[in-house]
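The next block is input_6.cif, given as mmCIF, C-alpha atoms.
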data_start
loop_
_atom_site.label_atom_id
_atom_site.label_comp_id
_atom_site.auth_asym_id
_atom_site.auth_seq_id
_atom_site.Cartn_x
_atom_site.Cartn_y
_atom_site.Cartn_z
CA MET A 1 27.27 31.22 -110.13
CA ALA A 2 26.38 33.87 -107.59
CA GLU A 3 27.63 37.42 -107.98
CA SER A 4 30.66 38.36 -105.90
CA SER A 5 28.57 40.96 -104.04
CA ALA A 6 26.27 38.29 -102.62
CA PRO A 7 26.40 37.97 -98.81
CA VAL A 8 28.45 34.97 -97.68
CA LEU A 9 27.98 33.30 -94.31
CA PRO A 10 31.06 33.26 -92.03
CA SER A 11 32.57 29.78 -91.89
CA ALA A 12 31.72 29.21 -88.22
CA THR A 13 28.03 29.93 -88.83
CA ALA A 14 28.05 27.93 -92.05
CA HIS A 15 29.44 24.97 -90.14
CA GLU A 16 26.63 25.29 -87.60
CA VAL A 17 24.01 25.12 -90.38
CA ILE A 18 25.38 21.88 -91.85
CA ASP A 19 26.65 20.19 -88.67
CA PRO A 20 24.19 17.49 -87.52
CA HIS A 21 25.17 18.12 -83.90
CA SER A 22 23.74 21.63 -84.16
CA TYR A 23 20.27 20.16 -84.64
CA ALA A 24 20.56 18.30 -81.35
CA ALA A 25 21.07 21.67 -79.60
CA TRP A 26 17.75 23.20 -80.63
CA ASP A 27 17.61 26.63 -78.99
CA PRO A 28 21.10 27.80 -80.07
CA LEU A 29 20.25 26.73 -83.62
CA LEU A 30 16.99 28.70 -83.51
CA ASP A 31 18.96 31.70 -82.22
CA THR A 32 21.21 31.47 -85.26
CA PHE A 33 18.28 31.19 -87.67
CA ASP A 34 16.58 34.18 -86.00
CA ARG A 35 19.66 36.30 -86.60
CA LEU A 36 20.14 35.15 -90.18
CA ARG A 37 16.46 35.62 -91.03
CA GLU A 38 16.69 39.20 -89.80
CA GLU A 39 20.08 40.10 -91.33
CA THR A 40 20.52 37.95 -94.45
CA PRO A 41 17.42 35.82 -95.13
CA VAL A 42 18.98 34.51 -98.36
CA VAL A 43 22.71 33.99 -97.93
CA ARG A 44 25.52 32.05 -99.61
CA ILE A 45 27.32 29.20 -97.87
CA GLU A 46 30.70 28.54 -99.41
CA PRO A 47 32.83 25.43 -98.76
CA ASP A 48 35.97 25.73 -96.66
CA GLU A 49 39.44 25.08 -98.04
CA GLU A 50 38.82 21.32 -97.95
CA GLY A 51 35.98 21.67 -100.45
CA LEU A 52 33.81 19.06 -98.74
CA PHE A 53 30.58 20.29 -100.32
CA GLU A 54 29.27 22.43 -103.14
CA PRO A 55 28.28 26.06 -102.45
CA PHE A 56 24.59 26.73 -101.86
CA TRP A 57 22.12 29.38 -100.73
CA LEU A 58 20.50 29.14 -97.30
CA VAL A 59 16.87 30.36 -97.28
CA THR A 60 15.39 31.08 -93.84
CA ARG A 61 12.34 33.30 -94.31
CA TYR A 62 8.87 31.75 -94.37
CA ASP A 63 7.63 33.66 -97.44
CA ASP A 64 10.70 32.71 -99.47
CA VAL A 65 10.51 29.02 -98.52
CA MET A 66 6.79 28.98 -99.30
CA ARG A 67 7.42 30.53 -102.71
CA MET A 68 10.11 27.96 -103.49
CA SER A 69 7.88 25.11 -102.36
CA LYS A 70 5.09 26.13 -104.71
CA ASP A 71 7.19 27.15 -107.72
CA ASN A 72 8.24 23.73 -108.96
CA ALA A 73 9.10 25.04 -112.42
CA THR A 74 11.80 27.42 -111.15
CA PHE A 75 13.07 25.36 -108.21
CA LEU A 76 13.75 21.73 -109.15
CA ASN A 77 14.31 18.62 -107.06
CA ASN A 78 16.77 17.38 -109.68
CA PRO A 79 19.48 17.29 -110.96
CA ARG A 80 21.34 18.06 -107.73
CA PRO A 81 20.61 16.12 -104.52
CA VAL A 82 17.37 16.99 -102.78
CA VAL A 83 19.02 16.58 -99.36
CA PHE A 84 22.23 18.36 -98.33
CA SER A 85 25.11 16.02 -99.13
CA LEU A 86 28.87 16.16 -98.96
CA ASN A 87 30.70 15.70 -102.25
CA ALA A 88 31.95 12.30 -101.08
CA ALA A 89 28.38 11.16 -100.49
CA ILE A 90 27.26 12.30 -103.94
CA GLU A 91 30.13 10.51 -105.62
CA PHE A 92 29.51 7.39 -103.54
CA SER A 93 25.86 7.39 -104.62
CA ARG A 94 26.72 7.90 -108.28
CA GLN A 95 29.10 4.95 -108.23
CA ALA A 96 26.66 2.74 -106.35
CA THR A 97 23.42 3.63 -108.14
CA GLY A 98 24.11 5.97 -111.05
CA SER A 99 22.05 8.64 -109.28
CA ASN A 100 22.92 11.59 -107.02
CA MET A 101 20.77 9.98 -104.30
CA LEU A 102 20.97 6.50 -102.82
CA VAL A 103 17.17 6.32 -103.02
CA ASP A 104 15.13 7.62 -105.97
CA SER A 105 11.65 8.31 -104.63
CA LEU A 106 8.79 10.78 -104.91
CA VAL A 107 10.82 13.49 -103.18
CA VAL A 108 13.51 13.30 -105.88
CA PHE A 109 11.43 13.47 -109.06
CA ASP A 110 10.19 16.53 -110.96
CA ALA A 111 7.36 16.81 -113.47
CA PRO A 112 6.31 15.03 -115.60
CA ILE A 113 7.40 11.91 -113.68
CA HIS A 114 6.47 13.15 -110.21
CA PRO A 115 2.72 13.75 -110.74
CA LYS A 116 2.35 10.40 -112.50
CA TYR A 117 3.99 8.57 -109.59
CA ARG A 118 2.17 10.56 -106.93
CA ARG A 119 -1.25 9.77 -108.45
CA LEU A 120 -0.59 6.04 -107.99
CA THR A 121 -1.19 6.19 -104.22
CA GLN A 122 -2.72 9.63 -103.65
CA LYS A 123 -6.28 8.32 -103.46
CA TRP A 124 -5.20 5.62 -101.00
CA PHE A 125 -3.87 8.24 -98.58
CA MET A 126 -6.92 10.52 -98.71
CA PRO A 127 -9.15 10.83 -95.60
CA ARG A 128 -12.06 8.93 -97.13
CA ASN A 129 -9.97 5.80 -97.65
CA LEU A 130 -8.04 6.17 -94.40
CA ALA A 131 -11.32 6.28 -92.45
CA ARG A 132 -11.71 2.54 -92.94
CA LEU A 133 -8.45 2.03 -91.03
CA GLU A 134 -9.51 4.05 -87.99
CA GLY A 135 -10.69 1.04 -85.98
CA GLU A 136 -7.46 -0.84 -86.56
CA ILE A 137 -5.35 2.23 -85.75
CA ARG A 138 -7.32 2.78 -82.54
CA ASN A 139 -6.67 -0.78 -81.46
CA LEU A 140 -2.95 -0.22 -82.04
CA ALA A 141 -3.13 3.01 -80.03
CA LYS A 142 -4.89 1.25 -77.13
CA ARG A 143 -2.24 -1.46 -77.05
CA THR A 144 0.49 1.17 -77.12
CA VAL A 145 -1.01 3.07 -74.19
CA ASP A 146 -1.45 -0.21 -72.31
CA ARG A 147 2.27 -0.79 -72.72
CA LEU A 148 3.04 2.70 -71.39
CA VAL A 149 0.82 2.18 -68.34
CA GLU A 150 2.18 -1.29 -67.64
CA SER A 151 5.76 -0.03 -67.73
CA GLY A 152 5.18 1.90 -64.52
CA PRO A 153 5.01 5.55 -63.56
CA GLN A 154 8.31 6.47 -65.23
CA GLY A 155 9.78 5.63 -68.62
CA ASP A 156 11.02 6.82 -72.00
CA PHE A 157 8.06 7.93 -74.09
CA CYS A 158 10.07 7.64 -77.31
CA LYS A 159 10.94 4.01 -76.73
CA LEU A 160 7.54 3.00 -75.34
CA VAL A 161 5.16 5.02 -77.51
CA SER A 162 6.30 7.48 -80.14
CA ALA A 163 8.71 5.16 -81.97
CA PRO A 164 6.75 1.87 -82.06
CA TYR A 165 3.21 3.21 -82.62
CA PRO A 166 3.54 4.97 -86.02
CA LEU A 167 5.97 2.28 -87.11
CA HIS A 168 3.34 -0.38 -86.48
CA VAL A 169 0.66 1.59 -88.36
CA VAL A 170 2.80 2.05 -91.47
CA MET A 171 4.12 -1.51 -91.46
CA GLN A 172 0.55 -2.81 -91.30
CA ILE A 173 -0.42 -0.92 -94.46
CA LEU A 174 2.75 -2.17 -96.18
CA GLY A 175 2.09 -5.78 -95.25
CA VAL A 176 5.19 -6.14 -93.07
CA PRO A 177 4.79 -8.85 -90.40
CA GLU A 178 4.94 -7.58 -86.82
CA GLU A 179 8.00 -9.69 -86.07
CA ASP A 180 9.94 -7.74 -88.74
CA GLU A 181 9.11 -4.31 -87.29
CA PRO A 182 12.22 -4.03 -85.08
CA ARG A 183 14.34 -4.58 -88.18
CA MET A 184 12.40 -1.89 -90.07
CA LEU A 185 12.90 0.56 -87.19
CA MET A 186 16.63 -0.17 -87.06
CA LEU A 187 17.03 0.34 -90.82
CA THR A 188 15.04 3.59 -90.72
CA GLN A 189 17.19 4.93 -87.91
CA GLN A 190 20.32 3.99 -89.78
CA MET A 191 19.07 5.69 -92.93
CA PHE A 192 17.80 8.93 -91.36
CA GLY A 193 19.84 8.91 -88.16
CA GLY A 194 23.12 7.53 -89.43
CA GLN A 195 24.88 10.58 -87.98
CA ASP A 196 23.64 9.71 -84.48
CA ALA A 197 25.55 6.96 -82.65
CA ASP A 198 22.52 6.03 -80.53
CA LEU A 199 20.05 5.77 -83.41
CA SER A 200 22.38 4.17 -85.92
CA GLY A 201 23.19 1.31 -83.58
CA SER A 202 26.86 1.76 -84.38
CA GLY A 203 27.87 2.78 -80.88
CA MET A 204 30.35 5.12 -82.55
CA ASP A 205 30.43 8.81 -81.78
CA ASN A 206 31.68 11.12 -84.51
CA MET A 207 31.75 8.53 -87.26
CA THR A 208 33.70 9.54 -90.34
CA PRO A 209 31.63 10.55 -93.39
CA GLU A 210 32.76 7.34 -95.08
CA GLN A 211 31.46 5.24 -92.19
CA VAL A 212 28.12 7.03 -92.22
CA LEU A 213 27.85 6.47 -95.98
CA GLU A 214 28.48 2.74 -95.65
CA LEU A 215 25.91 2.50 -92.85
CA VAL A 216 23.21 4.35 -94.81
CA ALA A 217 23.96 2.46 -98.03
CA GLY A 218 23.72 -0.85 -96.19
CA ALA A 219 20.32 0.12 -94.80
CA VAL A 220 19.09 1.08 -98.26
CA ARG A 221 20.24 -2.25 -99.72
CA SER A 222 18.47 -4.14 -96.95
CA PHE A 223 15.27 -2.20 -97.56
CA GLU A 224 15.47 -2.87 -101.31
CA HIS A 225 15.90 -6.62 -100.86
CA TYR A 226 13.12 -6.80 -98.28
CA PHE A 227 10.54 -4.88 -100.31
CA ALA A 228 11.41 -6.76 -103.50
CA GLU A 229 10.04 -9.85 -101.73
CA ILE A 230 6.94 -7.94 -100.60
CA ALA A 231 6.35 -6.78 -104.19
CA ARG A 232 6.67 -10.30 -105.57
CA ALA A 233 4.14 -11.56 -103.04
CA ARG A 234 1.67 -8.75 -103.78
CA ARG A 235 1.90 -9.30 -107.53
CA ALA A 236 1.12 -12.97 -107.04
CA ASN A 237 -1.64 -12.33 -104.47
CA PRO A 238 -2.81 -8.68 -104.39
CA THR A 239 -4.64 -7.35 -101.33
CA GLU A 240 -6.13 -3.94 -100.51
CA ASP A 241 -3.01 -2.55 -98.83
CA VAL A 242 -0.77 0.14 -100.26
CA ALA A 243 1.97 -2.44 -100.83
CA SER A 244 -0.26 -4.03 -103.49
CA VAL A 245 -0.95 -0.66 -105.09
CA ILE A 246 2.78 0.02 -105.49
CA ALA A 247 3.65 -3.51 -106.66
CA ASN A 248 1.01 -3.54 -109.39
CA ALA A 249 1.04 0.14 -110.39
CA GLU A 250 1.62 1.02 -114.03
CA VAL A 251 2.85 4.29 -115.51
CA ASP A 252 2.48 4.76 -119.26
CA GLY A 253 1.47 1.10 -119.53
CA GLN A 254 4.55 -0.24 -117.74
CA LEU A 255 5.16 -1.51 -114.21
CA LEU A 256 7.46 0.73 -112.19
CA PRO A 257 11.18 0.15 -112.75
CA GLU A 258 12.69 -1.90 -109.92
CA ARG A 259 14.68 1.01 -108.48
CA ASP A 260 11.71 3.41 -108.57
CA MET A 261 9.44 0.81 -106.99
CA ALA A 262 11.96 0.20 -104.22
CA GLY A 263 12.20 3.95 -103.65
CA TYR A 264 8.42 4.18 -103.38
CA TYR A 265 8.30 1.47 -100.72
CA ILE A 266 11.22 3.00 -98.83
CA ILE A 267 9.79 6.52 -98.68
CA VAL A 268 6.42 5.23 -97.43
CA ALA A 269 8.07 2.89 -94.93
CA THR A 270 10.54 5.38 -93.48
CA ALA A 271 9.08 8.88 -93.81
CA GLY A 272 5.69 7.39 -92.99
CA HIS A 273 6.65 6.69 -89.40
CA ASP A 274 9.86 8.49 -88.43
CA THR A 275 8.38 11.96 -88.93
CA THR A 276 5.15 11.12 -87.10
CA SER A 277 7.21 9.66 -84.27
CA ALA A 278 9.07 12.97 -83.92
CA SER A 279 5.87 15.06 -83.94
CA THR A 280 4.20 12.76 -81.42
CA ALA A 281 7.14 13.03 -79.03
CA GLY A 282 7.23 16.79 -79.54
CA ALA A 283 3.56 17.11 -78.61
CA MET A 284 4.07 15.10 -75.43
CA GLN A 285 7.16 17.11 -74.50
CA ALA A 286 5.24 20.37 -74.83
CA LEU A 287 2.31 19.07 -72.79
CA ALA A 288 4.58 17.60 -70.11
CA GLN A 289 6.17 21.02 -69.74
CA ASP A 290 2.74 22.66 -69.39
CA PRO A 291 0.52 20.68 -66.98
CA GLU A 292 -2.27 23.23 -67.26
CA GLN A 293 -2.50 22.69 -71.01
CA TRP A 294 -2.62 18.91 -70.46
CA ALA A 295 -5.50 19.38 -68.04
CA ARG A 296 -7.33 21.70 -70.45
CA VAL A 297 -7.16 19.30 -73.36
CA ARG A 298 -8.25 16.40 -71.13
CA ALA A 299 -11.35 18.41 -70.30
CA ASP A 300 -11.93 19.78 -73.80
CA ARG A 301 -11.04 17.45 -76.67
CA SER A 302 -11.90 20.12 -79.23
CA LEU A 303 -8.39 21.45 -78.50
CA LEU A 304 -6.79 18.24 -79.76
CA PRO A 305 -6.55 19.13 -83.48
CA GLY A 306 -4.70 22.29 -82.48
CA ILE A 307 -2.32 20.26 -80.31
CA VAL A 308 -1.56 17.96 -83.25
CA GLU A 309 -1.01 20.75 -85.77
CA GLU A 310 1.11 22.85 -83.44
CA ALA A 311 3.25 19.83 -82.54
CA ILE A 312 4.02 19.26 -86.21
CA ARG A 313 5.07 22.91 -86.66
CA TRP A 314 6.93 23.18 -83.36
CA THR A 315 8.89 19.98 -84.00
CA THR A 316 9.42 20.28 -87.80
CA PRO A 317 10.73 16.71 -88.26
CA VAL A 318 11.84 17.25 -91.88
CA GLN A 319 14.36 19.98 -91.23
CA HIS A 320 15.28 20.95 -94.79
CA PHE A 321 15.13 20.09 -98.46
CA MET A 322 17.37 21.28 -101.27
CA ARG A 323 16.31 22.70 -104.64
CA THR A 324 18.17 23.63 -107.85
CA ALA A 325 17.37 26.79 -109.81
CA ALA A 326 16.11 25.94 -113.30
CA GLU A 327 16.71 29.49 -114.52
CA ASP A 328 18.08 32.84 -113.39
CA THR A 329 15.75 34.32 -110.78
CA GLU A 330 15.62 36.52 -107.71
CA LEU A 331 14.83 35.48 -104.17
CA GLY A 332 14.87 37.61 -101.04
CA GLY A 333 16.63 40.40 -102.86
CA GLN A 334 19.43 38.13 -104.10
CA LYS A 335 20.14 37.16 -107.70
CA ILE A 336 20.03 33.39 -108.06
CA ALA A 337 21.74 31.91 -111.12
CA LYS A 338 20.55 28.94 -113.14
CA GLY A 339 22.05 25.80 -111.62
CA ASP A 340 22.47 27.27 -108.12
CA TRP A 341 21.73 24.93 -105.21
CA LEU A 342 19.47 26.19 -102.40
CA MET A 343 18.55 24.91 -98.93
CA MET A 344 14.98 25.51 -97.78
CA SER A 345 15.24 25.55 -93.99
CA TYR A 346 11.85 24.42 -92.73
CA VAL A 347 13.08 24.83 -89.16
CA ALA A 348 13.80 28.52 -89.76
CA ALA A 349 10.62 29.09 -91.78
CA ASN A 350 8.41 27.47 -89.14
CA HIS A 351 9.92 29.77 -86.50
CA ASP A 352 9.57 32.98 -88.50
CA PRO A 353 7.93 35.60 -86.23
CA ALA A 354 6.55 37.37 -89.31
CA GLN A 355 4.27 34.33 -89.80
CA PHE A 356 4.00 32.86 -86.27
CA GLU A 357 3.63 35.11 -83.24
CA ASN A 358 6.04 34.05 -80.49
CA PRO A 359 7.08 31.04 -82.58
CA ARG A 360 9.01 29.17 -79.89
CA ARG A 361 5.92 28.98 -77.72
CA PHE A 362 3.82 25.85 -78.13
CA ASP A 363 0.35 27.29 -78.68
CA ALA A 364 -2.43 24.77 -79.25
CA ALA A 365 -4.83 27.61 -80.09
CA ARG A 366 -2.55 29.04 -82.81
CA SER A 367 -4.68 30.12 -85.75
CA PRO A 368 -3.98 30.28 -88.56
CA ASN A 369 -1.18 27.72 -88.49
CA ARG A 370 -0.02 27.49 -92.11
CA HIS A 371 3.23 25.78 -91.25
CA LEU A 372 5.62 24.22 -93.74
CA ALA A 373 6.38 20.99 -91.90
CA PHE A 374 4.54 19.05 -94.63
CA GLY A 375 5.98 21.18 -97.40
CA ALA A 376 3.63 22.87 -99.86
CA GLY A 377 2.58 22.66 -103.48
CA ALA A 378 3.08 19.61 -105.65
CA HIS A 379 5.52 18.00 -103.21
CA GLN A 380 3.40 18.41 -100.09
CA CYS A 381 3.69 15.30 -97.90
CA LEU A 382 1.61 12.46 -99.30
CA GLY A 383 0.96 11.03 -95.82
CA LEU A 384 -0.14 14.19 -94.01
CA HIS A 385 -3.71 12.96 -93.45
CA LEU A 386 -2.45 9.66 -92.05
CA ALA A 387 -0.06 11.46 -89.70
CA ARG A 388 -2.83 13.68 -88.33
CA LEU A 389 -5.17 10.72 -87.94
CA GLU A 390 -2.57 8.64 -86.08
CA MET A 391 -1.69 11.45 -83.70
CA ARG A 392 -5.32 12.36 -82.96
CA ILE A 393 -6.27 8.79 -82.15
CA LEU A 394 -3.20 8.17 -80.00
CA PHE A 395 -3.73 11.32 -77.93
CA GLU A 396 -7.41 10.51 -77.46
CA GLU A 397 -6.34 7.23 -75.89
CA LEU A 398 -3.54 8.87 -73.86
CA LEU A 399 -5.85 11.56 -72.52
CA ASP A 400 -8.40 8.93 -71.49
CA ARG A 401 -5.85 6.93 -69.51
CA ILE A 402 -3.23 9.40 -68.26
CA GLU A 403 -4.23 11.95 -65.64
CA THR A 404 -0.98 13.85 -65.24
CA VAL A 405 2.36 13.88 -67.05
CA GLU A 406 5.66 15.60 -66.30
CA LEU A 407 9.26 15.41 -67.40
CA ALA A 408 11.41 12.94 -65.48
CA GLY A 409 14.69 14.07 -67.00
CA GLU A 410 16.17 16.08 -69.83
CA PRO A 411 14.88 15.15 -73.31
CA GLN A 412 17.51 14.57 -75.99
CA ARG A 413 17.27 15.37 -79.69
CA SER A 414 18.80 13.34 -82.49
CA VAL A 415 22.00 14.31 -84.27
CA SER A 416 20.79 14.82 -87.84
CA THR A 417 20.62 17.56 -90.45
CA PHE A 418 17.70 16.05 -92.38
CA VAL A 419 15.01 14.24 -90.37
CA GLY A 420 15.20 14.92 -86.65
CA GLY A 421 13.37 15.10 -83.35
CA LEU A 422 13.52 13.73 -79.85
CA LYS A 423 15.34 10.44 -79.36
CA THR A 424 14.63 10.26 -75.61
CA LEU A 425 11.75 11.73 -73.60
CA PRO A 426 11.79 10.60 -69.96
CA LEU A 427 8.33 11.03 -68.42
CA ARG A 428 6.56 10.48 -65.14
CA ILE A 429 2.83 9.76 -65.38
CA THR A 430 -0.15 9.10 -63.15
CA VAL A 431 -2.94 6.91 -64.44
CA ALA A 432 -6.53 8.13 -64.30
CA GLY A 433 -8.45 6.55 -61.43
CA GLU A 434 -5.37 5.29 -59.62
CA LYS A 435 -4.23 6.65 -56.27
CA THR A 436 -0.85 8.38 -56.31
#

What do you get writing this file as structure tokens?
Amino acid sequence: MAESSAPVLPSATAHEVIDPHSYAAWDPLLDTFDRLREETPVVRIEPDEEGLFEPFWLVTRYDDVMRMSKDNATFLNNPRPVVFSLNAAIEFSRQATGSNMLVDSLVVFDAPIHPKYRRLTQKWFMPRNLARLEGEIRNLAKRTVDRLVESGPQGDFCKLVSAPYPLHVVMQILGVPEEDEPRMLMLTQQMFGGQDADLSGSGMDNMTPEQVLELVAGAVRSFEHYFAEIARARRANPTEDVASVIANAEVDGQLLPERDMAGYYIIVATAGHDTTSASTAGAMQALAQDPEQWARVRADRSLLPGIVEEAIRWTTPVQHFMRTAAEDTELGGQKIAKGDWLMMSYVAANHDPAQFENPRRFDAARSPNRHLAFGAGAHQCLGLHLARLEMRILFEELLDRIETVELAGEPQRSVSTFVGGLKTLPLRITVAGEKT
């Protein structure tokens, strides 16, 4: 346990850090992280009198989060949950699955299991292999932009483009038929956006924790049943897609356990599109707010990689991960005890002015841009090359077809502590070559 002299966050600020609604109000949250990073970059968050969650350390400084990300011997993904969870959620998961998490996937495991599992698909997600998919991805991007243009001069970019496009790419590599994609999107939104009434499909504002748990657990069960069928099909008739790699993979001479295999499919299916969707919408929001930058990148496509990378930092779709101290250590001047739980705030780290000059400004020319949106070290995002490829191709097609873009209303962010981003982005566009 932490020493009594350790700084403890006031309850109102602590509530802001763990309240999913705070992440829908972006600038006030960044204000809070700026203050904490300056005053107490490593600070304790204690539960209130209701004891709804276990105490943990909040880590907001870039250098500290980077150190934690790379030191996988000192800061473990297990045995505590790797995502902030209320005690009721942890107990629910234990009773339902025997694990602290409803889904056991790559993000949950430590060595020696993690590197063995990661190697199963790592080669598949490297640029050399992904290059063979570029033609297919470009066709999907063209169809997506066609849909945007056909919808008229005004519409919701999230609904028309940033949600369906990366979903379609990932479902193609998992062998999911196109007619099942709406179901996959709904389940993903329930799993990651269960706290948001719009994304969960519940129509319920301020759902109780128990209701959110049931919703998320139901989505996980549906995913597990669906991908069990995919795995059976790929074992009977393997193809070259990643679904076949997972279904037929062996570790230490054995096929993956059913739960681990399901977790592998789920993390590829969900994180593989929801995060890219958020970054894509973030890039378009920034460009819609800066018409001159849109015009510059239309004229000079060499700026596009910078647009993509800055969008990923600026948006930071994966907003945090938790770690557990494997031994007594020190971080940011604070003594961390073995067994302590810590929150790495990627949002705070990616807006640290010590690492990023004027961090709230979207700067396509930012260099270097060593952001932490993909994590770092052994647990760095497996799909980072695919995400960059998808975004580059999509924006090449958008820049070819769209002459001007501007906001047509106020964008709205999702209500979520874990994976978040824009859920609506109303835009007004003019099409290249058409009279306005």

Select from stretch 385-408 of chain A every residue with an atom at most 9 Å from any atom of stretch 282-293 of chain A, then for each give the shortest pair of atoms and their distance in Å to one decimal, using all atoms listed in the file, rows by chain and rising number, as a Markdown table.
| residue | atom | partner | partner_atom | distance |
| --- | --- | --- | --- | --- |
| A:Thr404 | CA | A:Pro291 | CA | 7.2 |
| A:Val405 | CA | A:Ala288 | CA | 5.3 |
| A:Glu406 | CA | A:Ala288 | CA | 4.4 |
| A:Leu407 | CA | A:Ala288 | CA | 5.8 |

### Task
For A:Thr239, please output as a list in words all residues within 12 Å (counting only C-alpha atoms; exclusion window: fewer than 5 positions along the same chain).
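Returned residues: Ile173, Leu174, Gly175, Ile230, Ala231, Ala233, Arg234, Ser244, Val245, Ile246, Ala247 and Asn248 of chain A.
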
Under the PyMOL selection byres ((chain A and resi 377) around 9), which residues of this model are included? Write them out as a short mmCIF file (atom, residue, chain, number, x, y, z; two decimals) with C-alpha atoms, in the frame of the given file.
data_model
loop_
_atom_site.label_atom_id
_atom_site.label_comp_id
_atom_site.auth_asym_id
_atom_site.auth_seq_id
_atom_site.Cartn_x
_atom_site.Cartn_y
_atom_site.Cartn_z
CA MET A 66 6.79 28.98 -99.30
CA SER A 69 7.88 25.11 -102.36
CA LYS A 70 5.09 26.13 -104.71
CA ASP A 71 7.19 27.15 -107.72
CA ASN A 72 8.24 23.73 -108.96
CA GLY A 375 5.98 21.18 -97.40
CA ALA A 376 3.63 22.87 -99.86
CA ALA A 378 3.08 19.61 -105.65
CA HIS A 379 5.52 18.00 -103.21
CA GLN A 380 3.40 18.41 -100.09
#

### Message
Running the PyMOL selection byres ((chain A and resi 382-385) around 10) on this model by hand, what would come out? Give it as a PyMOL selection string.
### Response
chain A and resi 106+118-119+121-128+130+268+271-273+276+373-375+378-381+386-390

Those residues you just picked out, can you put them in a file as a short mmCIF file (atom, residue, chain, number, x, y, z; two decimals), keeping the file's coordinate frame with C-alpha atoms?
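This is the output file selection-v6.cif:
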data_model
loop_
_atom_site.label_atom_id
_atom_site.label_comp_id
_atom_site.auth_asym_id
_atom_site.auth_seq_id
_atom_site.Cartn_x
_atom_site.Cartn_y
_atom_site.Cartn_z
CA LEU A 106 8.79 10.78 -104.91
CA ARG A 118 2.17 10.56 -106.93
CA ARG A 119 -1.25 9.77 -108.45
CA THR A 121 -1.19 6.19 -104.22
CA GLN A 122 -2.72 9.63 -103.65
CA LYS A 123 -6.28 8.32 -103.46
CA TRP A 124 -5.20 5.62 -101.00
CA PHE A 125 -3.87 8.24 -98.58
CA MET A 126 -6.92 10.52 -98.71
CA PRO A 127 -9.15 10.83 -95.60
CA ARG A 128 -12.06 8.93 -97.13
CA LEU A 130 -8.04 6.17 -94.40
CA VAL A 268 6.42 5.23 -97.43
CA ALA A 271 9.08 8.88 -93.81
CA GLY A 272 5.69 7.39 -92.99
CA HIS A 273 6.65 6.69 -89.40
CA THR A 276 5.15 11.12 -87.10
CA ALA A 373 6.38 20.99 -91.90
CA PHE A 374 4.54 19.05 -94.63
CA GLY A 375 5.98 21.18 -97.40
CA ALA A 378 3.08 19.61 -105.65
CA HIS A 379 5.52 18.00 -103.21
CA GLN A 380 3.40 18.41 -100.09
CA CYS A 381 3.69 15.30 -97.90
CA LEU A 386 -2.45 9.66 -92.05
CA ALA A 387 -0.06 11.46 -89.70
CA ARG A 388 -2.83 13.68 -88.33
CA LEU A 389 -5.17 10.72 -87.94
CA GLU A 390 -2.57 8.64 -86.08
#

### Residues in the PyMOL selection byres ((chain A and resi 357-362) around 12), expressed as a PyMOL selection string
chain A and resi 26-27+30-31+34+62+282-290+293+306-316+347-356+363-369+371

### Task
Determine, counting all atoms listed in the file, which protein, DNA and RNA residues have an atom within 10 Å of an atom of A:Ser162; residues of the same chain fewer than 6 positions away are not included. Present the result as a list in words.
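These residues fall inside the cut-off: Thr144, Asp156, His273, Asp274, Thr276, Ser277, Ala278, Ser279, Thr280, Ala281, Gly282, Met284, Met391, Leu394, Leu422, Lys423, Thr424 and Leu425 of chain A.
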
### Query
Closest to A:Ala325 among A:Thr417, A:Glu396, A:Gly433, A:Leu342, using only C-alpha atoms?
A:Leu342

### Task
Measuring atom to atom with all atoms listed in the file, identify which of A:Arg37, A:Arg370, A:Tyr264, A:Met68 is nearest to A:Leu120.
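Residue with the minimum atom-to-atom distance to A:Leu120: A:Tyr264.
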
#### Entry: Pick from A:Val65, A:Val169, A:Leu160, A:Ala217 nearest to A:Leu133, counting only C-alpha atoms
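For A:Leu133, the nearest of the candidates is A:Val169.
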
### Query
In Å, with one decimal, what is the gap from atom CA of A:Leu9 to atom CA of A:Val43?
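Computing it gives 6.4 Å between the two atoms.
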
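Nearest-residue note for A:Gly333: choosing from A:Val242, A:Ala6, A:Ala228, A:Leu399, the minimum distance belongs to A:Ala6, counting all atoms listed in the file.
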
Give me stretch 346-351 of chain A with N, CA and C atoms filled in, as a PDB file, keeping the file's coordinate frame.
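Dumped to part_32.pdb:
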ATOM      1  N   TYR A 346      13.187  24.459 -93.298  1.00  0.00           N
ATOM      2  CA  TYR A 346      11.850  24.420 -92.730  1.00  0.00           C
ATOM      3  C   TYR A 346      11.867  24.791 -91.249  1.00  0.00           C
ATOM      4  N   VAL A 347      12.953  24.459 -90.571  1.00  0.00           N
ATOM      5  CA  VAL A 347      13.080  24.830 -89.160  1.00  0.00           C
ATOM      6  C   VAL A 347      13.015  26.345 -89.023  1.00  0.00           C
ATOM      7  N   ALA A 348      13.798  27.059 -89.822  1.00  0.00           N
ATOM      8  CA  ALA A 348      13.800  28.520 -89.760  1.00  0.00           C
ATOM      9  C   ALA A 348      12.454  29.089 -90.188  1.00  0.00           C
ATOM     10  N   ALA A 349      11.890  28.561 -91.268  1.00  0.00           N
ATOM     11  CA  ALA A 349      10.620  29.090 -91.780  1.00  0.00           C
ATOM     12  C   ALA A 349       9.486  28.893 -90.778  1.00  0.00           C
ATOM     13  N   ASN A 350       9.476  27.752 -90.106  1.00  0.00           N
ATOM     14  CA  ASN A 350       8.410  27.470 -89.140  1.00  0.00           C
ATOM     15  C   ASN A 350       8.588  28.200 -87.818  1.00  0.00           C
ATOM     16  N   HIS A 351       9.694  28.942 -87.695  1.00  0.00           N
ATOM     17  CA  HIS A 351       9.920  29.770 -86.500  1.00  0.00           C
ATOM     18  C   HIS A 351      10.109  31.235 -86.894  1.00  0.00           C
TER      19      HIS A 351
END
